[in-house]
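Dropping structure-v8.txt in here (compact mmCIF, C-alpha atoms):
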# COMPACT_ATOMS: atom_id res chain seq x y z
CA MET A 1 17.84 12.76 -27.99
CA THR A 2 16.35 13.82 -31.28
CA ARG A 3 13.53 16.35 -31.48
CA ARG A 4 11.30 13.57 -32.74
CA ALA A 5 12.08 11.34 -29.75
CA ILE A 6 11.39 14.21 -27.36
CA ARG A 7 8.08 14.85 -29.10
CA LEU A 8 7.09 11.18 -28.75
CA TRP A 9 8.04 11.01 -25.07
CA PHE A 10 6.14 14.24 -24.54
CA LEU A 11 3.04 12.67 -26.07
CA VAL A 12 3.40 9.61 -23.80
CA HIS A 13 3.80 11.92 -20.78
CA LYS A 14 0.88 14.12 -21.74
CA TRP A 15 -1.65 11.40 -22.42
CA SER A 16 -0.71 8.97 -19.65
CA SER A 17 -0.90 11.89 -17.20
CA LEU A 18 -4.10 13.39 -18.56
CA ILE A 19 -5.98 10.10 -18.24
CA CYS A 20 -4.84 9.35 -14.70
CA THR A 21 -4.55 12.81 -13.08
CA ALA A 22 -8.13 13.12 -11.83
CA PHE A 23 -8.06 9.62 -10.31
CA LEU A 24 -4.60 10.14 -8.82
CA LEU A 25 -5.77 13.35 -7.18
CA MET A 26 -8.67 11.39 -5.67
CA LEU A 27 -6.22 8.70 -4.51
CA CYS A 28 -3.86 11.27 -2.96
CA ILE A 29 -6.65 13.13 -1.18
CA THR A 30 -8.29 9.98 0.21
CA GLY A 31 -4.88 8.45 0.89
CA LEU A 32 -3.72 11.36 3.10
CA PRO A 33 -6.11 10.62 5.99
CA LEU A 34 -5.77 6.87 5.43
CA ILE A 35 -2.03 7.13 6.23
CA PHE A 36 -3.08 8.10 9.76
CA HIS A 37 -5.86 5.50 10.00
CA ASP A 38 -4.51 4.00 13.24
CA GLU A 39 -3.91 7.37 14.90
CA ILE A 40 -7.40 8.60 13.93
CA ASP A 41 -8.99 5.41 15.26
CA LEU A 42 -7.03 5.80 18.48
CA LEU A 43 -8.39 9.33 18.95
CA THR A 44 -11.97 8.69 17.90
CA GLU A 45 -12.60 5.24 19.35
CA GLU A 46 -12.67 4.18 22.94
CA GLN A 47 -9.62 2.08 23.75
CA PRO A 48 -10.33 -1.26 25.41
CA GLU A 49 -8.72 -2.18 28.70
CA PHE A 50 -7.24 -5.62 28.27
CA GLY A 51 -7.25 -8.28 30.96
CA MET A 52 -3.64 -9.24 30.22
CA SER A 53 -2.24 -6.09 28.64
CA GLY A 54 0.78 -6.66 26.39
CA VAL A 55 0.20 -10.40 25.95
CA GLY A 56 -0.30 -11.28 22.29
CA SER A 57 -3.39 -13.30 21.39
CA SER A 58 -1.25 -15.17 18.85
CA GLY A 59 0.84 -16.75 21.58
CA THR A 60 0.37 -19.64 23.96
CA ALA A 61 0.61 -17.69 27.24
CA GLU A 62 -1.06 -19.09 30.34
CA GLY A 63 -4.44 -17.41 30.85
CA LEU A 64 -5.39 -17.01 27.21
CA LEU A 65 -8.76 -18.66 26.60
CA PRO A 66 -9.06 -21.68 24.28
CA LEU A 67 -9.81 -20.87 20.64
CA ASP A 68 -12.90 -23.11 20.65
CA GLU A 69 -14.37 -21.11 23.51
CA MET A 70 -13.67 -17.82 21.69
CA MET A 71 -15.39 -19.18 18.59
CA GLN A 72 -18.41 -20.28 20.62
CA ARG A 73 -18.77 -16.79 22.05
CA ALA A 74 -18.53 -15.23 18.59
CA LEU A 75 -21.08 -17.58 17.04
CA ALA A 76 -23.48 -17.10 19.97
CA ASN A 77 -23.67 -13.42 18.97
CA ARG A 78 -24.38 -14.30 15.33
CA PRO A 79 -26.87 -17.20 15.39
CA GLY A 80 -27.02 -19.14 12.14
CA GLU A 81 -23.72 -17.80 10.81
CA VAL A 82 -20.53 -19.70 10.09
CA PRO A 83 -16.89 -18.78 10.82
CA VAL A 84 -14.82 -17.29 7.98
CA PHE A 85 -11.66 -15.97 9.65
CA MET A 86 -10.09 -15.82 13.08
CA ALA A 87 -7.21 -13.34 13.34
CA PHE A 88 -4.62 -12.70 16.05
CA ASP A 89 -2.46 -9.92 17.42
CA ASN A 90 1.20 -10.26 18.47
CA ASP A 91 1.16 -7.32 20.89
CA GLN A 92 -2.20 -7.41 22.69
CA PRO A 93 -4.67 -10.15 23.68
CA SER A 94 -7.18 -8.73 21.17
CA MET A 95 -8.35 -10.98 18.36
CA THR A 96 -11.09 -10.91 15.75
CA VAL A 97 -13.60 -13.44 14.53
CA THR A 98 -15.23 -12.89 11.14
CA THR A 99 -18.53 -14.63 10.50
CA ALA A 100 -20.94 -14.66 7.57
CA PRO A 101 -24.18 -16.34 6.51
CA ARG A 102 -22.27 -18.83 4.32
CA PRO A 103 -18.63 -19.99 4.09
CA ASP A 104 -18.29 -18.26 0.70
CA SER A 105 -20.32 -15.11 1.44
CA PRO A 106 -19.01 -11.91 -0.16
CA ALA A 107 -17.08 -9.54 2.11
CA ALA A 108 -20.02 -7.14 2.28
CA GLU A 109 -22.05 -9.74 4.21
CA MET A 110 -19.35 -10.45 6.78
CA THR A 111 -19.34 -9.29 10.39
CA ILE A 112 -16.14 -8.79 12.37
CA GLN A 113 -16.19 -9.11 16.15
CA SER A 114 -13.21 -8.26 18.31
CA PHE A 115 -12.56 -9.96 21.59
CA ASP A 116 -10.13 -9.86 24.47
CA ARG A 117 -8.75 -13.39 24.52
CA SER A 118 -7.63 -13.02 28.12
CA THR A 119 -11.11 -12.21 29.47
CA GLY A 120 -13.40 -13.47 26.70
CA GLN A 121 -15.07 -10.04 26.60
CA GLN A 122 -16.34 -8.71 23.29
CA ILE A 123 -14.60 -5.42 22.46
CA GLY A 124 -16.49 -4.47 19.35
CA MET A 125 -18.55 -5.62 16.42
CA VAL A 126 -18.68 -4.09 12.95
CA ALA A 127 -20.47 -5.15 9.83
CA GLU A 128 -18.17 -4.96 6.80
CA SER A 129 -20.77 -2.76 5.14
CA ASP A 130 -20.63 0.13 7.63
CA GLY A 131 -17.59 1.64 9.26
CA GLY A 132 -17.86 5.43 9.24
CA VAL A 133 -15.84 8.04 7.38
CA MET A 134 -12.54 6.14 7.31
CA HIS A 135 -14.24 3.08 5.88
CA PHE A 136 -15.87 5.28 3.22
CA LEU A 137 -12.47 6.76 2.30
CA LEU A 138 -10.89 3.32 2.19
CA GLN A 139 -13.62 2.01 -0.15
CA LEU A 140 -13.28 5.04 -2.41
CA HIS A 141 -9.50 4.62 -2.42
CA THR A 142 -9.63 0.86 -3.06
CA ASP A 143 -12.36 0.33 -5.62
CA MET A 144 -14.54 3.49 -5.80
CA PHE A 145 -17.45 1.31 -4.56
CA LEU A 146 -17.29 -0.70 -7.78
CA GLY A 147 -15.86 -3.95 -6.42
CA LEU A 148 -13.42 -5.93 -8.52
CA PRO A 149 -13.91 -3.90 -11.73
CA GLY A 150 -13.11 -0.75 -9.73
CA MET A 151 -9.93 -2.31 -8.34
CA LEU A 152 -8.80 -3.45 -11.78
CA PHE A 153 -9.54 0.00 -13.19
CA LEU A 154 -7.38 1.60 -10.49
CA ALA A 155 -4.63 -0.92 -11.33
CA VAL A 156 -4.69 0.43 -14.89
CA ILE A 157 -4.55 3.98 -13.51
CA GLY A 158 -1.46 2.94 -11.52
CA ILE A 159 0.19 1.56 -14.65
CA LEU A 160 -0.52 4.83 -16.50
CA PHE A 161 0.96 6.70 -13.53
CA THR A 162 4.13 4.61 -13.89
CA ALA A 163 4.26 5.43 -17.61
CA ALA A 164 3.87 9.12 -16.75
CA LEU A 165 6.71 8.90 -14.23
CA ILE A 166 9.09 7.16 -16.64
CA SER A 167 8.33 9.54 -19.51
CA GLY A 168 8.66 12.39 -17.05
CA VAL A 169 12.18 11.28 -16.14
CA VAL A 170 13.12 11.05 -19.83
CA LEU A 171 11.80 14.58 -20.42
CA TYR A 172 13.61 15.89 -17.35
CA ALA A 173 16.87 15.75 -19.33
CA PRO A 174 15.96 18.15 -22.17
CA PHE A 175 14.19 20.50 -19.77
CA MET A 176 17.17 20.66 -17.39
CA ARG A 177 19.91 20.77 -20.04
CA LYS A 178 20.78 24.36 -19.24
CA LEU A 179 19.61 24.56 -15.67
CA ASP A 180 21.36 23.59 -12.47
CA PHE A 181 19.63 21.01 -10.28
CA GLY A 182 16.99 22.60 -8.09
CA THR A 183 16.55 25.78 -10.14
CA VAL A 184 13.14 27.36 -9.66
CA ARG A 185 12.54 30.47 -11.77
CA VAL A 186 9.82 32.21 -9.83
CA SER A 187 10.09 35.75 -11.16
CA ARG A 188 9.61 35.25 -14.91
CA SER A 189 6.14 33.83 -15.40
CA PRO A 190 3.76 31.57 -13.51
CA ARG A 191 4.27 29.00 -16.26
CA LEU A 192 8.03 28.81 -15.78
CA LYS A 193 7.62 28.79 -12.02
CA TRP A 194 5.23 25.84 -12.07
CA LEU A 195 7.24 24.05 -14.74
CA ASP A 196 10.31 24.20 -12.48
CA TYR A 197 8.38 23.08 -9.40
CA HIS A 198 6.79 20.28 -11.44
CA ASN A 199 10.23 19.04 -12.54
CA LEU A 200 11.89 19.47 -9.15
CA LEU A 201 9.18 17.85 -7.02
CA GLY A 202 8.65 15.10 -9.56
CA ILE A 203 12.31 14.14 -9.73
CA VAL A 204 13.04 14.27 -5.98
CA ALA A 205 9.95 12.25 -5.04
CA LEU A 206 10.44 9.79 -7.92
CA ALA A 207 11.53 6.75 -5.87
CA TRP A 208 8.60 7.12 -3.50
CA MET A 209 6.04 7.77 -6.26
CA LEU A 210 7.26 4.76 -8.25
CA VAL A 211 7.17 2.44 -5.25
CA VAL A 212 3.81 3.63 -3.96
CA GLY A 213 2.39 3.55 -7.51
CA LEU A 214 3.60 0.05 -8.34
CA THR A 215 2.69 -1.42 -4.93
CA GLY A 216 -0.71 0.20 -5.42
CA VAL A 217 -1.06 -1.72 -8.68
CA ILE A 218 -0.12 -4.98 -6.93
CA ASN A 219 -2.60 -4.29 -4.12
CA ALA A 220 -5.30 -3.58 -6.68
CA LEU A 221 -4.62 -7.01 -8.17
CA SER A 222 -5.03 -8.78 -4.80
CA THR A 223 -8.22 -10.62 -5.82
CA PRO A 224 -6.76 -12.27 -8.94
CA ILE A 225 -3.54 -12.98 -7.01
CA GLU A 226 -5.49 -14.80 -4.28
CA ASP A 227 -7.56 -16.64 -6.88
CA ILE A 228 -4.46 -17.84 -8.70
CA TRP A 229 -2.95 -19.12 -5.44
CA GLN A 230 -6.17 -20.94 -4.58
CA ALA A 231 -6.51 -22.48 -8.04
CA ASN A 232 -2.88 -23.62 -8.22
CA GLU A 233 -0.73 -24.00 -5.08
CA LEU A 234 -3.65 -24.58 -2.71
CA ALA A 235 -5.37 -27.02 -5.07
CA ASP A 236 -2.06 -28.84 -5.39
CA MET A 237 -1.58 -29.04 -1.61
CA THR A 238 -5.07 -30.47 -1.14
CA SER A 239 -5.22 -32.60 -4.30
CA GLU A 240 -6.25 -35.75 -2.36
CA TYR A 241 -9.44 -33.90 -1.33
CA ALA A 242 -10.37 -33.00 -4.92
CA GLY A 243 -13.89 -34.07 -5.83
CA ARG A 244 -15.01 -34.52 -2.23
CA GLU A 245 -18.12 -32.71 -1.13
CA ALA A 246 -17.50 -29.54 0.90
CA LEU A 247 -17.32 -30.11 4.67
CA PRO A 248 -20.48 -28.71 6.31
CA PRO A 249 -19.83 -26.32 9.24
CA ALA A 250 -21.66 -28.67 11.63
CA ARG A 251 -18.78 -31.14 11.24
CA TYR A 252 -15.95 -28.65 11.88
CA GLY A 253 -13.66 -30.09 14.52
CA SER A 254 -11.69 -28.52 17.38
CA LEU A 255 -9.71 -25.36 16.70
CA ASN A 256 -7.51 -25.99 19.73
CA ARG A 257 -6.42 -29.33 18.33
CA ALA A 258 -5.90 -27.88 14.84
CA MET A 259 -3.79 -25.01 16.18
CA ALA A 260 -1.72 -27.35 18.34
CA GLN A 261 -1.13 -29.58 15.33
CA ALA A 262 -0.14 -26.60 13.17
CA ARG A 263 2.28 -25.33 15.83
CA THR A 264 4.12 -28.65 15.90
CA VAL A 265 4.70 -28.30 12.14
CA LEU A 266 5.89 -24.67 12.30
CA PRO A 267 7.25 -24.26 15.82
CA GLY A 268 8.37 -20.83 16.97
CA ASN A 269 6.23 -18.89 14.51
CA ASN A 270 3.16 -16.81 15.33
CA PRO A 271 -0.16 -17.53 13.63
CA GLN A 272 -1.61 -14.42 11.96
CA PHE A 273 -5.02 -15.84 11.09
CA ILE A 274 -7.02 -18.99 10.49
CA ALA A 275 -9.03 -19.22 7.27
CA PHE A 276 -12.04 -21.51 7.46
CA PRO A 277 -13.21 -24.02 4.86
CA GLY A 278 -15.00 -22.70 1.79
CA GLY A 279 -13.56 -19.16 1.90
CA SER A 280 -11.05 -17.56 -0.43
CA PHE A 281 -8.03 -18.52 1.71
CA SER A 282 -8.69 -22.21 2.21
CA SER A 283 -9.98 -25.37 0.57
CA ASP A 284 -13.46 -26.75 1.22
CA HIS A 285 -12.07 -29.09 3.89
CA HIS A 286 -9.30 -27.34 5.79
CA TYR A 287 -8.47 -24.93 8.51
CA ALA A 288 -5.65 -22.93 6.91
CA VAL A 289 -3.49 -21.57 9.73
CA PHE A 290 -1.34 -18.77 8.28
CA PHE A 291 1.94 -18.37 10.14
CA GLN A 292 4.24 -15.36 10.03
CA GLY A 293 8.00 -15.70 9.60
CA ASP A 294 10.14 -15.18 12.69
CA THR A 295 12.22 -12.14 11.63
CA PRO A 296 10.99 -8.55 11.08
CA LEU A 297 11.27 -8.94 7.31
CA THR A 298 9.76 -12.42 7.04
CA GLU A 299 7.04 -11.56 9.56
CA ARG A 300 5.02 -10.39 6.55
CA LEU A 301 5.72 -13.50 4.51
CA LEU A 302 3.13 -16.14 5.30
CA THR A 303 3.22 -19.92 5.38
CA PRO A 304 -0.14 -21.69 5.66
CA ALA A 305 -0.40 -25.00 7.51
CA LEU A 306 -3.44 -26.92 6.28
CA ILE A 307 -5.23 -28.97 8.90
CA ASP A 308 -8.17 -31.23 8.03
CA ALA A 309 -11.02 -29.32 9.65
CA GLU A 310 -12.91 -32.47 10.61
CA THR A 311 -10.17 -34.80 11.85
CA GLY A 312 -7.50 -32.28 12.89
CA ILE A 313 -4.88 -34.17 10.88
CA PHE A 314 -2.09 -32.18 9.21
CA THR A 315 -2.25 -32.19 5.40
CA ASP A 316 0.50 -29.86 4.12
CA ALA A 317 2.38 -26.60 4.73
CA ARG A 318 4.16 -24.56 2.07
CA PRO A 319 5.31 -20.94 1.97
CA MET A 320 3.11 -18.72 -0.18
CA PRO A 321 4.40 -18.40 -3.78
CA TRP A 322 6.53 -15.41 -4.84
CA TYR A 323 3.63 -13.47 -6.36
CA TYR A 324 1.68 -13.67 -3.12
CA GLN A 325 4.78 -12.67 -1.12
CA ALA A 326 5.05 -9.66 -3.44
CA LEU A 327 1.49 -8.74 -2.48
CA SER A 328 2.33 -9.18 1.23
CA LEU A 329 5.29 -6.79 0.94
CA SER A 330 3.31 -4.36 -1.22
CA ARG A 331 0.92 -3.62 1.62
CA PRO A 332 3.36 -1.89 4.01
CA LEU A 333 5.21 -0.27 1.11
CA HIS A 334 1.94 1.27 -0.09
CA PHE A 335 0.46 2.19 3.31
CA GLY A 336 3.67 3.54 4.91
CA ASP A 337 2.72 1.99 8.24
CA TYR A 338 5.98 0.15 8.92
CA GLY A 339 8.29 2.78 10.39
CA GLY A 340 6.45 4.67 13.09
CA LEU A 341 4.87 8.12 13.02
CA PRO A 342 7.88 9.91 11.41
CA LEU A 343 7.57 7.64 8.38
CA LYS A 344 3.84 8.38 8.17
CA LEU A 345 4.54 12.11 8.28
CA LEU A 346 7.06 11.73 5.44
CA TRP A 347 4.46 9.65 3.57
CA ALA A 348 2.04 12.56 3.95
CA ALA A 349 4.67 15.10 2.83
CA LEU A 350 5.44 13.05 -0.27
CA THR A 351 1.71 12.72 -0.98
CA LEU A 352 1.55 16.53 -0.90
CA PHE A 353 4.53 16.65 -3.30
CA THR A 354 2.56 14.35 -5.61
CA ILE A 355 -0.51 16.57 -5.39
CA VAL A 356 1.61 19.59 -6.41
CA VAL A 357 3.15 17.62 -9.29
CA LEU A 358 -0.32 16.62 -10.50
CA GLY A 359 -1.77 20.09 -10.05
CA SER A 360 1.15 21.85 -11.76
CA GLY A 361 1.08 19.31 -14.57
CA LEU A 362 -2.57 20.00 -15.15
CA TYR A 363 -1.91 23.75 -15.03
CA LEU A 364 0.94 23.46 -17.55
CA TRP A 365 -1.34 21.56 -19.92
CA LEU A 366 -4.15 24.11 -19.56
CA VAL A 367 -1.81 27.06 -20.14
CA LYS A 368 -0.30 25.33 -23.16
CA GLY A 369 -3.79 24.91 -24.51
CA GLU A 370 -4.22 28.67 -24.89
CA SER A 371 -4.22 30.20 -28.34
CA SER A 372 -0.83 30.33 -30.01
CA SER A 373 -0.89 34.11 -30.33
CA ARG A 374 -1.10 34.51 -26.58
CA ALA A 375 1.66 31.96 -26.11
CA HIS A 376 3.74 33.87 -28.62
CA LEU A 377 3.13 37.10 -26.75
CA ARG A 378 4.24 35.49 -23.53
CA LYS A 379 7.44 34.32 -25.13
CA ILE A 380 8.24 37.86 -26.18
CA GLU A 381 7.47 39.09 -22.69
CA GLN A 382 9.85 36.52 -21.27
CA LEU A 383 12.61 37.57 -23.59
CA ALA A 384 12.16 41.15 -22.46
CA VAL A 385 13.06 40.17 -18.92
CA PRO A 386 16.86 40.18 -18.52
CA ALA A 387 18.54 36.92 -17.63
CA GLU A 388 19.70 36.44 -14.06
CA MET B 1 16.67 33.45 -21.09
CA SER B 2 19.81 32.02 -19.60
CA ARG B 3 19.74 29.23 -22.17
CA ARG B 4 21.59 31.32 -24.75
CA ASN B 5 24.66 32.03 -22.68
CA LYS B 6 25.12 28.61 -21.16
CA ARG B 7 26.24 25.39 -22.71
CA SER B 8 24.31 22.14 -22.40
CA LEU B 9 25.03 20.06 -19.32
CA PRO B 10 26.01 16.42 -19.87
CA LEU B 11 23.44 13.80 -18.85
CA ARG B 12 25.65 12.75 -15.97
CA ALA B 13 25.48 16.22 -14.48
CA ILE B 14 21.74 16.53 -15.05
CA PHE B 15 20.99 13.26 -13.29
CA ALA B 16 23.69 13.26 -10.58
CA TRP B 17 21.53 14.64 -7.75
CA PRO B 18 18.28 13.00 -8.92
CA ALA B 19 20.00 9.58 -9.06
CA ALA B 20 21.52 10.05 -5.61
CA ILE B 21 18.15 11.05 -4.11
CA PHE B 22 16.47 8.15 -5.90
CA LEU B 23 18.93 5.56 -4.53
CA VAL B 24 18.78 7.02 -1.03
CA GLY B 25 14.98 6.89 -1.26
CA ILE B 26 14.95 3.22 -2.21
CA VAL B 27 17.33 2.42 0.68
CA GLY B 28 14.98 4.31 3.01
CA LEU B 29 11.86 2.55 1.73
CA VAL B 30 13.46 -0.86 2.27
CA SER B 31 15.39 -0.33 5.49
CA ALA B 32 12.35 0.15 7.76
CA LEU B 33 10.89 -3.07 6.34
CA THR B 34 13.84 -5.09 7.57
CA GLY B 35 13.48 -4.23 11.25
CA ASP B 36 12.95 -1.54 13.89
CA GLY B 37 15.29 0.80 15.74
CA TRP B 38 18.13 2.26 13.67
CA ARG B 39 16.58 0.81 10.50
CA ASP B 40 13.53 3.03 11.06
CA GLY B 41 15.83 5.99 11.75
CA LEU B 42 17.70 5.41 8.51
CA SER B 43 14.46 5.34 6.56
CA TRP B 44 13.34 8.64 8.12
CA LEU B 45 16.61 10.32 7.18
CA ALA B 46 16.58 8.85 3.68
CA LEU B 47 12.98 9.77 2.89
CA ALA B 48 13.51 13.27 4.28
CA ALA B 49 15.96 13.84 1.39
CA PRO B 50 13.23 15.01 -1.07
CA VAL B 51 11.91 17.46 1.54
CA ALA B 52 15.43 18.70 2.26
CA ALA B 53 16.12 19.08 -1.48
CA LEU B 54 13.00 21.22 -1.91
CA ALA B 55 13.86 23.38 1.09
CA TRP B 56 17.41 23.86 -0.20
CA ALA B 57 16.24 24.66 -3.75
CA MET B 58 13.75 27.24 -2.50
CA ARG B 59 16.50 28.96 -0.50
CA ALA B 60 19.49 28.64 -2.78
CA ARG B 61 18.20 28.19 -6.30
CA ARG B 62 15.15 30.42 -6.50
CA TYR B 63 15.52 33.24 -9.00

In structure tokens, what does this structure look like?
Amino acid sequence: MTRRAIRLWFLVHKWSSLICTAFLLMLCITGLPLIFHDEIDLLTEEQPEFGMSGVGSSGTAEGLLPLDEMMQRALANRPGEVPVFMAFDNDQPSMTVTTAPRPDSPAAEMTIQSFDRSTGQQIGMVAESDGGVMHFLLQLHTDMFLGLPGMLFLAVIGILFTAALISGVVLYAPFMRKLDFGTVRVSRSPRLKWLDYHNLLGIVALAWMLVVGLTGVINALSTPIEDIWQANELADMTSEYAGREALPPARYGSLNRAMAQARTVLPGNNPQFIAFPGGSFSSDHHYAVFFQGDTPLTERLLTPALIDAETGIFTDARPMPWYYQALSLSRPLHFGDYGGLPLKLLWAALTLFTIVVLGSGLYLWLVKGESSSRAHLRKIEQLAVPAE
Amino acid sequence: MSRRNKRSLPLRAIFAWPAAIFLVGIVGLVSALTGDGWRDGLSWLALAAPVAALAWAMRARRY
């Protein structure tokens, strides 16, 4: 590599890093506790005792209450509201019902109730707008309380992070030309010490940082991804309904019948959630029953079955398009919640690596920024120290 | 500095360990996605590689 090329890559590395470092530090610090979201909830919240422990609410086991009855109970607690989502669990009889003032209400106006489908008991109710410290951290991490513009901004930060990683790898070569892998020179100067740690931690955590960075970008683009699916594939699946007036909630038909119909189309698969008409995951006329695949990998890849919400007649079912499947796989790969507690601990360790890389990078830039005479002096001091 | 009495390493040597750790990391990130049990175990081992590399470097390559 020519000196000129190195200089250019260095400029890319310096500026892409400088712009994103502060935000990445925020993301790492808020992300650390979010890795352990489930464990923290388990410790801080009272755990419900289920009527039929270990029976998934997504199944068809004897004793699970009908979906229509569960919906009635949920709506009775929220008079005047309409259903938006109903979501299921494969491991426990717990399920959630999301309601809102209108079918297309923004998320901030929604209320989520959890129920035990085996007893009909309400387990909890939270408004989307308040959820304690973890919810605050999640909002800060997702959009910095700025909604869609905040998410898109963080997507740009993620792209800059990727540019910093790639330029960092390119610069690793000239920096390590005369050093064995893993060398950390701690006794010369703080600058050399942190330069070596910066290079070492950055290069060993590269795969993880790239994957978490890029899946973060995809997650940050979830709103446009959902919009594109709704405007294209979903519109295509429901084209015969185009131009019809939206179905009013008073004319919504039976959920039991709709679910039974959907199960005959996709037998053997578990439903993850039902999206109601007028929301961002359905048309204005359908119950969209989103089924999971039947293997561990395809469990995250969804196929919606669209059932006419008034008549209960099946309209169409198609797997989600590739860009939505990419979003579905980006969630676990970003959150680190797919391999038990050991994986979460490694996720935390690699987040700490990233924090050190960011901090040392910032330090190296600040030290470089000192006057040239002092830098010159330091160079002489370094030369005075004998080589190892 | 040691730079004066040592010749430049070829790119292959510079990137041998980083490339190995990178590939192992990708395998680890994917394997737990494809199922539970040994696939989770493999991902733990694979993603522990960066931590192991740091521990080794701090013991064996710290001057």

Taking into account all atoms listed in the file, which residue in the set A:Asn219, A:Asn77, A:Gln92, A:Thr264 is nearest to A:Val156?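 Of the candidates, the smallest distance to A:Val156 is held by A:Asn219.
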
Residue list for chain B near chain A as a PDB file with C-alpha atoms, in the frame of the given file, 6 Å, only C-alpha atoms:
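Result file is out-v6.pdb:
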ATOM      1  CA  MET B   1      16.670  33.450 -21.090  1.00  0.00           C
ATOM      2  CA  SER B   2      19.810  32.020 -19.600  1.00  0.00           C
ATOM      3  CA  ARG B   3      19.740  29.230 -22.170  1.00  0.00           C
ATOM      4  CA  SER B   8      24.310  22.140 -22.400  1.00  0.00           C
ATOM      5  CA  LEU B   9      25.030  20.060 -19.320  1.00  0.00           C
ATOM      6  CA  PHE B  22      16.470   8.150  -5.900  1.00  0.00           C
ATOM      7  CA  GLY B  25      14.980   6.890  -1.260  1.00  0.00           C
ATOM      8  CA  ALA B  32      12.350   0.150   7.760  1.00  0.00           C
ATOM      9  CA  LEU B  33      10.890  -3.070   6.340  1.00  0.00           C
ATOM     10  CA  THR B  34      13.840  -5.090   7.570  1.00  0.00           C
ATOM     11  CA  GLY B  35      13.480  -4.230  11.250  1.00  0.00           C
ATOM     12  CA  ASP B  40      13.530   3.030  11.060  1.00  0.00           C
ATOM     13  CA  TRP B  44      13.340   8.640   8.120  1.00  0.00           C
ATOM     14  CA  PRO B  50      13.230  15.010  -1.070  1.00  0.00           C
ATOM     15  CA  ALA B  57      16.240  24.660  -3.750  1.00  0.00           C
ATOM     16  CA  ARG B  61      18.200  28.190  -6.300  1.00  0.00           C
ATOM     17  CA  ARG B  62      15.150  30.420  -6.500  1.00  0.00           C
ATOM     18  CA  TYR B  63      15.520  33.240  -9.000  1.00  0.00           C
TER      19      TYR B  63
END

Leaving out stretch 133-135 of chain A and any residue of its chain fewer than 3 positions from it, which residues lie within 8 Å of it when counting all atoms listed in the file, given as an NGL selection string? :A and (33-34 or 37 or 130 or 138-139)

Suppose you want the space between atom CA of A:Thr99 and atom CA of A:Thr111; what is it in Å? 5.4 Å

Between B:Ser31, B:Ile21, B:Arg39, B:Phe15, which residue has the minimum interatomic distance to B:Leu54, considering all atoms listed in the file? B:Ile21

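Between atom CA of A:Val97 and atom CA of A:Glu109 there is a distance of 13.8 Å.
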
Leaving out A:Met52 and any residue of its chain fewer than 4 positions from it, which residues lie within 9 Å of it when counting only C-alpha atoms, given as a list in words?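 Counting only C-alpha atoms, the residues come to Gly56, Gly63, Leu64, Gln92, Pro93, Asp116, Arg117, Ser118 and Thr119 of chain A.
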
All residues 12 Å or closer to stretch 23-30 of chain A, all atoms listed in the file, same chain fewer than 5 positions away omitted, as a ChimeraX atom specification: /A:16-18,35-37,133-144,150,153-162,164,209,212-213,216,334-335,347-362

If you measure from atom CA of A:Ala100 to atom CA of A:Ser254, what distance in Å do you get, rounded to one decimal? 19.3 Å

Given 5 Å on each side, where is the centre and what are the edge lengths in Å to one decimal of the axis-aligned box enclosing the listed atoms of stretch 20-39 of chain B, as lines of an AutoDock Vina configuration file?
center_x = 16.2
center_y = 3.0
center_z = 4.9
size_x = 20.6
size_y = 26.1
size_z = 31.6
